file input24.pdb (PDB, C-alpha atoms)
ATOM      1  CA  MET A   1       0.000   0.000   0.000
ATOM      2  CA  VAL A   2       1.366   3.427  -1.012
ATOM      3  CA  ASP A   3       1.403   6.078   1.700
ATOM      4  CA  HIS A   4      -0.013   9.317   0.278
ATOM      5  CA  SER A   5      -0.076  11.206   3.586
ATOM      6  CA  PRO A   6       1.693  14.583   3.623
ATOM      7  CA  ASP A   7       5.175  14.841   5.114
ATOM      8  CA  HIS A   8       4.477  18.389   6.297
ATOM      9  CA  ALA A   9       1.709  20.347   8.014
ATOM     10  CA  LEU A  10      -1.359  21.372   6.015
ATOM     11  CA  ILE A  11      -3.493  24.454   6.302
ATOM     12  CA  GLY A  12      -7.141  24.775   5.316
ATOM     13  CA  ARG A  13      -8.144  28.036   3.685
ATOM     14  CA  VAL A  14     -11.888  28.721   3.753
ATOM     15  CA  TYR A  15     -13.460  30.939   1.081
ATOM     16  CA  GLU A  16     -16.944  32.102   2.012
ATOM     17  CA  PRO A  17     -19.583  32.645  -0.705
ATOM     18  CA  VAL A  18     -18.741  36.363  -0.764
ATOM     19  CA  ALA A  19     -15.432  35.427  -2.449
ATOM     20  CA  ARG A  20     -17.462  34.377  -5.519
ATOM     21  CA  ILE A  21     -15.423  31.295  -6.330
ATOM     22  CA  ASP A  22     -17.492  29.027  -8.535
ATOM     23  CA  ALA A  23     -16.038  25.607  -7.758
ATOM     24  CA  ARG A  24     -17.161  24.245 -11.126
ATOM     25  CA  ARG A  25     -15.801  27.070 -13.285
ATOM     26  CA  SER A  26     -13.144  28.928 -11.291
ATOM     27  CA  SER A  27      -9.864  29.439 -13.161
ATOM     28  CA  TYR A  28      -8.141  29.719  -9.766
ATOM     29  CA  LEU A  29      -9.183  26.200  -8.818
ATOM     30  CA  ARG A  30      -8.241  24.960 -12.282
ATOM     31  CA  VAL A  31      -4.744  26.349 -11.735
ATOM     32  CA  LEU A  32      -4.491  24.649  -8.340
ATOM     33  CA  ALA A  33      -5.583  21.384  -9.961
ATOM     34  CA  HIS A  34      -2.873  21.726 -12.605
ATOM     35  CA  ILE A  35      -0.213  22.292  -9.940
ATOM     36  CA  GLY A  36      -1.431  19.827  -7.308
ATOM     37  CA  ARG A  37       1.601  18.283  -5.602
ATOM     38  CA  ARG A  38       3.670  18.035  -8.762
ATOM     39  CA  SER A  39       6.183  20.873  -8.379
ATOM     40  CA  PRO A  40       8.601  21.272  -5.452
ATOM     41  CA  GLY A  41       8.855  24.955  -6.365
ATOM     42  CA  CYS A  42       5.144  25.605  -5.747
ATOM     43  CA  ILE A  43       3.049  25.274  -2.615
ATOM     44  CA  ALA A  44       1.286  21.904  -2.878
ATOM     45  CA  THR A  45      -2.503  21.637  -2.969
ATOM     46  CA  TRP A  46      -3.800  18.437  -1.392
ATOM     47  CA  ASP A  47      -7.530  18.732  -1.816
ATOM     48  CA  VAL A  48     -10.413  21.087  -2.494
ATOM     49  CA  PHE A  49     -13.914  20.762  -1.046
ATOM     50  CA  TYR A  50     -17.009  22.855  -1.706
ATOM     51  CA  ASP A  51     -20.671  22.880  -0.818
ATOM     52  CA  GLU A  52     -23.829  23.991  -2.579
ATOM     53  CA  ALA A  53     -23.878  27.235  -0.611
ATOM     54  CA  GLY A  54     -20.730  28.383  -2.435
ATOM     55  CA  ARG A  55     -18.240  27.797   0.366
ATOM     56  CA  VAL A  56     -14.838  26.477  -0.810
ATOM     57  CA  VAL A  57     -12.118  24.937   1.377
ATOM     58  CA  VAL A  58      -8.598  24.486  -0.030
ATOM     59  CA  PHE A  59      -6.104  22.291   1.827
ATOM     60  CA  GLN A  60      -2.524  23.249   1.042
ATOM     61  CA  GLU A  61       0.979  22.731   2.316
ATOM     62  CA  MET A  62       1.666  25.084   5.220
ATOM     63  CA  ALA A  63       4.742  27.295   4.945
ATOM     64  CA  LEU A  64       6.011  27.152   8.522
ATOM     65  CA  HIS A  65       8.364  30.131   8.139
ATOM     66  CA  GLY A  66       5.773  32.427   6.558
ATOM     67  CA  ASN A  67       6.400  34.608   3.545
ATOM     68  CA  LEU A  68       9.570  36.332   2.379
ATOM     69  CA  LYS A  69       8.281  39.843   3.105
ATOM     70  CA  ASP A  70       7.543  39.041   6.747
ATOM     71  CA  TYR A  71      10.825  37.143   7.070
ATOM     72  CA  LEU A  72      12.777  40.211   5.949
ATOM     73  CA  THR A  73      10.799  42.628   8.112
ATOM     74  CA  THR A  74      10.675  40.536  11.284
ATOM     75  CA  ASN A  75      14.356  39.592  11.223
ATOM     76  CA  ASN A  76      15.536  42.918   9.755
ATOM     77  CA  VAL A  77      17.914  41.107   7.420
ATOM     78  CA  TYR A  78      19.346  41.320   3.940
ATOM     79  CA  VAL A  79      19.380  37.905   2.302
ATOM     80  CA  PRO A  80      23.015  37.158   1.339
ATOM     81  CA  GLU A  81      23.639  36.759  -2.373
ATOM     82  CA  GLU A  82      24.297  33.028  -2.220
ATOM     83  CA  GLN A  83      21.126  32.313  -0.228
ATOM     84  CA  MET A  84      19.106  34.677  -2.397
ATOM     85  CA  ARG A  85      20.307  32.924  -5.520
ATOM     86  CA  GLU A  86      19.452  29.504  -4.056
ATOM     87  CA  TRP A  87      15.897  30.575  -3.201
ATOM     88  CA  ALA A  88      15.548  32.246  -6.588
ATOM     89  CA  GLY A  89      16.555  28.972  -8.237
ATOM     90  CA  GLN A  90      13.807  27.137  -6.352
ATOM     91  CA  ILE A  91      11.174  29.673  -7.411
ATOM     92  CA  TYR A  92      12.534  29.516 -10.962
ATOM     93  CA  GLY A  93      11.812  25.787 -10.910
ATOM     94  CA  GLY A  94       8.233  26.482  -9.860
ATOM     95  CA  MET A  95       7.826  29.061 -12.622
ATOM     96  CA  ASP A  96       9.257  26.593 -15.124
ATOM     97  CA  TYR A  97       6.605  24.059 -14.134
ATOM     98  CA  LEU A  98       3.888  26.683 -14.502
ATOM     99  CA  GLY A  99       5.160  27.554 -17.965
ATOM    100  CA  GLU A 100       5.133  23.925 -19.059
ATOM    101  CA  ASN A 101       1.438  23.864 -18.177
ATOM    102  CA  GLY A 102       0.592  27.175 -19.812
ATOM    103  CA  ILE A 103       0.133  29.010 -16.492
ATOM    104  CA  CYS A 104       1.286  32.544 -15.721
ATOM    105  CA  HIS A 105       1.370  33.650 -12.055
ATOM    106  CA  ARG A 106       0.981  37.443 -12.605
ATOM    107  CA  SER A 107       1.564  38.411  -8.971
ATOM    108  CA  ILE A 108       5.092  37.389  -7.978
ATOM    109  CA  ASN A 109       6.319  39.447  -5.030
ATOM    110  CA  PRO A 110       7.856  38.805  -1.589
ATOM    111  CA  LYS A 111       4.431  38.197  -0.012
ATOM    112  CA  HIS A 112       3.851  35.293  -2.398
ATOM    113  CA  VAL A 113       7.238  33.633  -1.898
ATOM    114  CA  LEU A 114       6.709  31.236   1.012
ATOM    115  CA  LEU A 115       9.434  29.748   3.200
ATOM    116  CA  THR A 116       9.267  26.301   4.762
ATOM    117  CA  PRO A 117      11.707  23.690   6.142
ATOM    118  CA  ALA A 118      12.953  20.963   3.826
ATOM    119  CA  PRO A 119      11.187  17.697   4.818
ATOM    120  CA  ASP A 120      14.435  15.720   4.945
ATOM    121  CA  GLU A 121      16.608  18.502   6.402
ATOM    122  CA  LEU A 122      14.732  20.710   8.838
ATOM    123  CA  SER A 123      17.648  23.126   9.234
ATOM    124  CA  LYS A 124      17.381  24.003   5.535
ATOM    125  CA  THR A 125      14.748  26.481   4.367
ATOM    126  CA  LEU A 126      13.072  26.130   0.980
ATOM    127  CA  ALA A 127      11.324  28.857  -1.031
ATOM    128  CA  LYS A 128       8.056  28.031  -2.789
ATOM    129  CA  LEU A 129       5.701  30.030  -4.948
ATOM    130  CA  GLY A 130       2.202  30.478  -3.575
ATOM    131  CA  SER A 131      -0.964  32.568  -3.918
ATOM    132  CA  PHE A 132      -2.349  31.758  -7.353
ATOM    133  CA  ARG A 133      -5.524  33.868  -7.229
ATOM    134  CA  ASP A 134      -4.295  36.109 -10.080
ATOM    135  CA  ALA A 135      -2.859  33.292 -12.201
ATOM    136  CA  ILE A 136      -4.170  32.631 -15.697
ATOM    137  CA  ILE A 137      -3.934  29.753 -18.152
ATOM    138  CA  TYR A 138      -2.616  31.377 -21.307
ATOM    139  CA  LEU A 139      -2.417  28.475 -23.779
ATOM    140  CA  SER A 140      -5.347  27.633 -26.018
ATOM    141  CA  VAL A 141      -7.180  24.370 -25.399
ATOM    142  CA  ASP A 142      -8.880  22.400 -28.166
ATOM    143  CA  SER A 143     -12.250  20.662 -27.978
ATOM    144  CA  LYS A 144     -10.613  17.580 -26.441
ATOM    145  CA  GLY A 145      -9.012  19.608 -23.658
ATOM    146  CA  GLU A 146      -5.507  19.349 -25.150
ATOM    147  CA  LYS A 147      -3.120  22.337 -25.275
ATOM    148  CA  ASP A 148      -2.370  23.377 -28.846
ATOM    149  CA  ASN A 149       0.622  25.518 -27.754
ATOM    150  CA  SER A 150      -0.749  28.747 -29.239
ATOM    151  CA  ARG A 151      -1.082  31.624 -26.828
ATOM    152  CA  VAL A 152      -4.414  33.247 -26.209
ATOM    153  CA  ARG A 153      -4.649  37.029 -26.089
ATOM    154  CA  VAL A 154      -3.916  38.451 -22.648
ATOM    155  CA  ARG A 155      -4.425  42.019 -21.544
ATOM    156  CA  ARG A 156      -2.210  43.691 -18.978
ATOM    157  CA  PRO A 157      -3.596  43.821 -15.423
ATOM    158  CA  ALA A 158      -5.626  46.950 -14.820
ATOM    159  CA  CYS A 159      -4.201  49.927 -12.928
ATOM    160  CA  ARG A 160      -6.540  52.511 -11.459
ATOM    161  CA  GLY A 161      -4.052  55.356 -11.563
ATOM    162  CA  PRO A 162      -1.668  57.078  -9.120
ATOM    163  CA  ARG A 163      -3.632  56.146  -6.015
ATOM    164  CA  ASP A 164      -3.001  52.485  -6.766
ATOM    165  CA  PHE A 165       0.750  53.147  -6.818
ATOM    166  CA  SER A 166       0.695  53.325  -3.022
ATOM    167  CA  ARG A 167       0.063  49.570  -2.889
ATOM    168  CA  TRP A 168       3.374  47.993  -1.922
ATOM    169  CA  THR A 169       2.986  44.933  -4.138
ATOM    170  CA  HIS A 170       2.685  47.109  -7.256
ATOM    171  CA  HIS A 171       6.388  47.910  -6.991
ATOM    172  CA  PHE A 172       7.017  44.331  -8.116
ATOM    173  CA  GLN A 173       4.920  44.582 -11.265
ATOM    174  CA  ALA A 174       6.818  45.058 -14.528
ATOM    175  CA  PRO A 175       6.890  48.652 -15.856
ATOM    176  CA  GLU A 176       4.832  47.719 -18.920
ATOM    177  CA  THR A 177       2.017  46.628 -16.611
ATOM    178  CA  PHE A 178       1.315  50.299 -15.931
ATOM    179  CA  THR A 179       1.694  51.679 -19.437
ATOM    180  CA  GLY A 180      -2.069  51.401 -19.940
ATOM    181  CA  TYR A 181      -2.489  54.231 -17.456
ATOM    182  CA  ALA A 182       0.494  56.149 -18.841
ATOM    183  CA  ALA A 183      -0.965  55.906 -22.351
ATOM    184  CA  ILE A 184      -4.220  57.424 -21.129
ATOM    185  CA  ALA A 185      -2.324  60.280 -19.457
ATOM    186  CA  ALA A 186      -0.348  60.928 -22.641
ATOM    187  CA  ALA A 187      -3.481  60.864 -24.755
ATOM    188  CA  ARG A 188      -5.158  63.402 -22.528
ATOM    189  CA  LEU A 189      -2.147  65.713 -22.685
ATOM    190  CA  ALA A 190      -2.019  65.408 -26.483
ATOM    191  CA  ALA A 191      -5.773  65.904 -26.798
ATOM    192  CA  SER A 192      -5.950  62.805 -28.976
ATOM    193  CA  LEU A 193      -8.458  61.342 -26.570
ATOM    194  CA  SER A 194     -10.919  63.934 -25.348
ATOM    195  CA  MET A 195     -12.138  63.998 -21.780
ATOM    196  CA  ALA A 196     -15.626  64.581 -23.092
ATOM    197  CA  SER A 197     -15.678  61.311 -24.969
ATOM    198  CA  LEU A 198     -14.324  59.463 -21.952
ATOM    199  CA  MET A 199     -16.953  60.994 -19.676
ATOM    200  CA  SER A 200     -19.766  60.241 -22.078
ATOM    201  CA  GLY A 201     -18.597  56.658 -22.422
ATOM    202  CA  ALA A 202     -18.317  56.314 -18.674
ATOM    203  CA  SER A 203     -21.703  57.927 -18.051
ATOM    204  CA  SER A 204     -23.396  55.482 -20.375
ATOM    205  CA  LYS A 205     -22.070  52.726 -18.153
ATOM    206  CA  GLY A 206     -22.984  54.527 -14.935
ATOM    207  CA  VAL A 207     -19.364  55.215 -13.980
ATOM    208  CA  SER A 208     -18.264  58.431 -12.279
ATOM    209  CA  ALA A 209     -15.599  60.642 -13.862
ATOM    210  CA  SER A 210     -13.242  59.888 -10.960
ATOM    211  CA  ALA A 211     -13.272  56.238 -11.971
ATOM    212  CA  LEU A 212     -12.406  56.700 -15.660
ATOM    213  CA  ALA A 213      -9.162  54.737 -15.500
ATOM    214  CA  PRO A 214      -9.614  51.004 -16.088
ATOM    215  CA  SER A 215     -10.463  48.728 -13.207
ATOM    216  CA  ALA A 216     -10.904  44.976 -12.917
ATOM    217  CA  SER A 217     -13.511  43.217 -10.818
ATOM    218  CA  VAL A 218     -13.054  39.784  -9.353
ATOM    219  CA  ALA A 219     -16.244  38.719 -11.091
ATOM    220  CA  SER A 220     -15.040  39.753 -14.563
ATOM    221  CA  ILE A 221     -11.650  38.114 -14.066
ATOM    222  CA  LEU A 222     -13.142  34.828 -12.880
ATOM    223  CA  SER A 223     -15.736  34.745 -15.633
ATOM    224  CA  THR A 224     -13.267  35.331 -18.477
ATOM    225  CA  ALA A 225     -10.031  33.743 -17.255
ATOM    226  CA  ALA A 226     -11.420  30.261 -17.886
ATOM    227  CA  SER A 227     -10.867  30.936 -21.571
ATOM    228  CA  GLY A 228      -7.401  32.363 -20.852
ATOM    229  CA  PHE A 229      -8.334  35.964 -21.694
ATOM    230  CA  VAL A 230      -8.561  38.548 -18.940
ATOM    231  CA  GLN A 231     -10.819  41.441 -19.904
ATOM    232  CA  THR A 232     -10.806  44.504 -17.676
ATOM    233  CA  ALA A 233     -14.179  45.936 -16.769
ATOM    234  CA  GLU A 234     -13.461  49.339 -18.347
ATOM    235  CA  ASP A 235     -10.895  49.119 -21.149
ATOM    236  CA  PRO A 236      -9.785  52.397 -22.762
ATOM    237  CA  PRO A 237      -9.725  52.692 -26.555
ATOM    238  CA  GLU A 238      -6.237  51.588 -27.575
ATOM    239  CA  ALA A 239      -4.255  49.658 -30.148
ATOM    240  CA  PRO A 240      -4.315  45.841 -30.014
ATOM    241  CA  GLU A 241      -2.417  44.498 -27.013
ATOM    242  CA  ASP A 242       1.020  42.991 -27.320
ATOM    243  CA  PHE A 243       1.421  42.567 -23.566
ATOM    244  CA  ASP A 244       3.468  39.476 -22.694
ATOM    245  CA  PRO A 245       2.508  38.153 -19.233
ATOM    246  CA  ILE A 246       5.507  35.818 -19.152
ATOM    247  CA  ALA A 247       7.982  38.672 -19.650
ATOM    248  CA  ALA A 248       6.158  40.590 -16.901
ATOM    249  CA  ASP A 249       6.447  37.583 -14.564
ATOM    250  CA  VAL A 250      10.187  37.411 -15.272
ATOM    251  CA  TRP A 251      10.582  41.056 -14.209
ATOM    252  CA  SER A 252       8.530  40.486 -11.051
ATOM    253  CA  PHE A 253      10.605  37.411 -10.201
ATOM    254  CA  ALA A 254      13.871  39.349 -10.487
ATOM    255  CA  ALA A 255      12.486  42.371  -8.614
ATOM    256  CA  THR A 256      11.416  40.126  -5.744
ATOM    257  CA  PHE A 257      14.860  38.664  -5.204
ATOM    258  CA  PHE A 258      16.651  41.956  -5.777
ATOM    259  CA  TYR A 259      14.525  43.310  -2.935
ATOM    260  CA  ALA A 260      15.442  40.332  -0.750
ATOM    261  CA  ASN A 261      19.120  41.166  -1.146
ATOM    262  CA  ALA A 262      19.047  44.974  -1.293
ATOM    263  CA  ARG A 263      15.848  45.760   0.671
ATOM    264  CA  VAL A 264      14.845  48.321  -1.952
ATOM    265  CA  THR A 265      12.617  47.828  -4.978
ATOM    266  CA  PRO A 266      14.243  48.317  -8.382
ATOM    267  CA  LEU A 267      11.671  50.935  -9.339
ATOM    268  CA  ARG A 268       9.166  53.129  -7.540
ATOM    269  CA  VAL A 269       6.189  52.888  -9.838
ATOM    270  CA  ALA A 270       4.809  56.320  -8.901
ATOM    271  CA  ALA A 271       7.294  57.698 -11.444
ATOM    272  CA  LEU A 272       5.392  55.907 -14.198
ATOM    273  CA  GLY A 273       2.480  58.284 -13.761
ATOM    274  CA  SER A 274       4.416  60.800 -15.876
ATOM    275  CA  ALA A 275       3.796  60.050 -19.519
ATOM    276  CA  GLY A 276       6.874  59.383 -21.579
ATOM    277  CA  GLU A 277       9.258  58.982 -18.654
ATOM    278  CA  ASP A 278      11.860  56.274 -19.232
ATOM    279  CA  PRO A 279      12.174  54.116 -16.081
ATOM    280  CA  LEU A 280      15.432  52.453 -17.182
ATOM    281  CA  PRO A 281      17.889  55.009 -15.711
ATOM    282  CA  ALA A 282      16.213  54.795 -12.294
ATOM    283  CA  ILE A 283      16.351  50.991 -12.353
ATOM    284  CA  GLN A 284      20.015  50.968 -13.340
ATOM    285  CA  ARG A 285      20.956  53.490 -10.636
ATOM    286  CA  THR A 286      19.285  51.340  -8.002
ATOM    287  CA  ILE A 287      21.074  48.184  -9.149
ATOM    288  CA  THR A 288      24.452  49.932  -9.345
ATOM    289  CA  ALA A 289      24.059  51.226  -5.774
ATOM    290  CA  ALA A 290      23.166  47.797  -4.314
ATOM    291  CA  PRO A 291      25.845  47.148  -1.653
ATOM    292  CA  ASN A 292      25.354  43.388  -1.249
ATOM    293  CA  LEU A 293      25.649  42.227  -4.859
ATOM    294  CA  SER A 294      28.703  41.102  -6.806
ATOM    295  CA  ALA A 295      29.482  42.626 -10.193
ATOM    296  CA  ASP A 296      28.206  39.467 -11.893
ATOM    297  CA  GLY A 297      24.999  39.604  -9.885
ATOM    298  CA  LYS A 298      24.461  43.243 -10.864
ATOM    299  CA  ARG A 299      25.015  42.305 -14.501
ATOM    300  CA  TRP A 300      22.336  39.594 -14.255
ATOM    301  CA  PHE A 301      19.829  41.897 -12.576
ATOM    302  CA  SER A 302      20.529  44.770 -14.977
ATOM    303  CA  ALA A 303      19.629  42.595 -17.968
ATOM    304  CA  ILE A 304      16.581  40.864 -16.498
ATOM    305  CA  LEU A 305      15.142  44.076 -15.004
ATOM    306  CA  ALA A 306      15.258  45.944 -18.305
ATOM    307  CA  ALA A 307      12.239  48.229 -18.565
ATOM    308  CA  ASP A 308      11.679  47.294 -22.214
ATOM    309  CA  PRO A 309      10.329  43.706 -22.372
ATOM    310  CA  SER A 310      11.683  43.279 -25.904
ATOM    311  CA  VAL A 311      15.288  43.493 -24.661
ATOM    312  CA  ARG A 312      14.746  41.929 -21.233
ATOM    313  CA  THR A 313      16.512  38.624 -20.560
ATOM    314  CA  LYS A 314      14.222  35.753 -21.504
ATOM    315  CA  PHE A 315      13.224  33.169 -18.920
ATOM    316  CA  GLU A 316      15.360  30.341 -20.323
ATOM    317  CA  ALA A 317      18.431  32.561 -20.729
ATOM    318  CA  ALA A 318      18.112  33.860 -17.170
ATOM    319  CA  GLY A 319      18.121  30.323 -15.796
ATOM    320  CA  ALA A 320      21.139  29.307 -17.880
ATOM    321  CA  ASP A 321      23.284  32.301 -16.927
ATOM    322  CA  PRO A 322      26.614  31.308 -15.231
ATOM    323  CA  TRP A 323      25.938  33.567 -12.256
ATOM    324  CA  PHE A 324      22.474  32.096 -11.709
ATOM    325  CA  THR A 325      23.668  28.511 -11.999
ATOM    326  CA  GLY A 326      26.575  29.143  -9.628
ATOM    327  CA  LYS A 327      29.225  28.601 -12.303
ATOM    328  CA  GLY A 328      30.164  32.255 -12.645
ATOM    329  CA  GLN A 329      32.474  34.522 -10.686
ATOM    330  CA  ALA A 330      32.741  34.648  -6.902
ATOM    331  CA  ILE A 331      29.710  36.207  -5.310
ATOM    332  CA  SER A 332      29.324  38.785  -2.570
ATOM    333  CA  GLY A 333      28.964  37.415   0.919
TER     334      GLY A 333
END
call {"tool": "encode", "arguments": {"input": "input24.pdb", "output": "structure tokens"}}
result
Amino acid sequence: MVDHSPDHALIGRVYEPVARIDARRSSYLRVLAHIGRRSPGCIATWDVFYDEAGRVVVFQEMALHGNLKDYLTTNNVYVPEEQMREWAGQIYGGMDYLGENGICHRSINPKHVLLTPAPDELSKTLAKLGSFRDAIIYLSVDSKGEKDNSRVRVRRPACRGPRDFSRWTHHFQAPETFTGYAAIAAARLAASLSMASLMSGASSKGVSASALAPSASVASILSTAASGFVQTAEDPPEAPEDFDPIAADVWSFAATFFYANARVTPLRVAALGSAGEDPLPAIQRTITAAPNLSADGKRWFSAILAADPSVRTKFEAAGADPWFTGKGQAISG
């Protein structure tokens, strides 16, 4: 008889009906089903239960050391480069598994990197990717449920404007995530998109002028993500999207571990509220000033944190880099 009992503590997360998780259609639960207990780089999901009232209970692996953000704050530490690189490698493995299954996390930040003891070596701490509420399945699926390896169209996550920039987790979103808002600001300044037309369009939908910038509701995300396409509730008129959620995840991944080592974010996104401002110089200044990184580490972060996704280091290349694999130059202690 095979023992399928967990070798670590589990935690049950209860979602009340107000969370609006449809157990039969939820893309979030589909993502958890895809991951299950198959990837050591992701928090394992053991089971999901639901009732007719709409209550959902998810049993997952419990991260006994909490999340990376709390670990840094509580212990007031800077993660040494070698340890940071080891944890980054473990999260990279989880992201690689997600990619193989056509899943994009879309919310990688220190709060969603969870720390837990290794089952066979309790003195060793492992990093695992968790919190998949914002994840999407971005590969098309044919009538038989098979992936056909063609990407579906994905819009960038919505940003409600400068007030949203105060949210700490937004500092770990890729710069292009916020260009939807910057494009609106630029259009207003250039008078190519009149305020009158925006207000009339918003009024017809019963939206106040103060809420003109796009916003996304949980209901709209859950109802459309099952097909792999996330439609914001109020999309501005714009050219067809070329937003790449994988490239954005790569930036968020690097920003998370840069923060773990330097305790500063690569970019303060409030600067992106100014239309036309190039964020690259600010990112490069921050990386150059990092006191706990070797020259090779700074080189790796400079390339992967490029503001332009077209020149940013690709996922596979980042994982094969000599510094990342530990085959490069000596690192900073």
call {"tool": "residues_near_point", "arguments": {"input": "input24.pdb", "point": "(18.6, 39.3, -22.8)", "cutoff": "12 Å", "atoms": "only C-alpha atoms", "output": "ChimeraX atom specification"}}
result
/A:247,250-251,299-321
call {"tool": "resolve_selection", "arguments": {"input": "input24.pdb", "expression": "the PyMOL selection byres ((chain A and resi 28) around 7)", "output": "ChimeraX atom specification"}}
result
/A:26-27,29-32,132-133,135
call {"tool": "closest_residue", "arguments": {"input": "input24.pdb", "among": "A:Ile21, A:Ala118, A:Ala44, A:Ile246", "to": "Val56 of chain A", "atoms": "only C-alpha atoms"}}
result
A:Ile21
call {"tool": "atom_distance", "arguments": {"input": "input24.pdb", "atom1": "atom CA of Glu52 of chain A", "atom2": "atom CA of Ala9 of chain A"}}
result
27.9 Å
call {"tool": "closest_residue", "arguments": {"input": "input24.pdb", "among": "A:Phe253, A:Tyr138, A:Phe324, A:Tyr97", "to": "Gln173 of chain A", "atoms": "only C-alpha atoms"}}
result
A:Phe253
call {"tool": "closest_residue", "arguments": {"input": "input24.pdb", "among": "A:Val14, A:Ile108, A:Ala174, A:Ala295", "to": "Pro279 of chain A", "atoms": "all atoms listed in the file"}}
result
A:Ala174
call {"tool": "atom_distance", "arguments": {"input": "input24.pdb", "atom1": "atom CA of Leu115 of chain A", "atom2": "atom CA of Pro322 of chain A"}}
result
25.2 Å
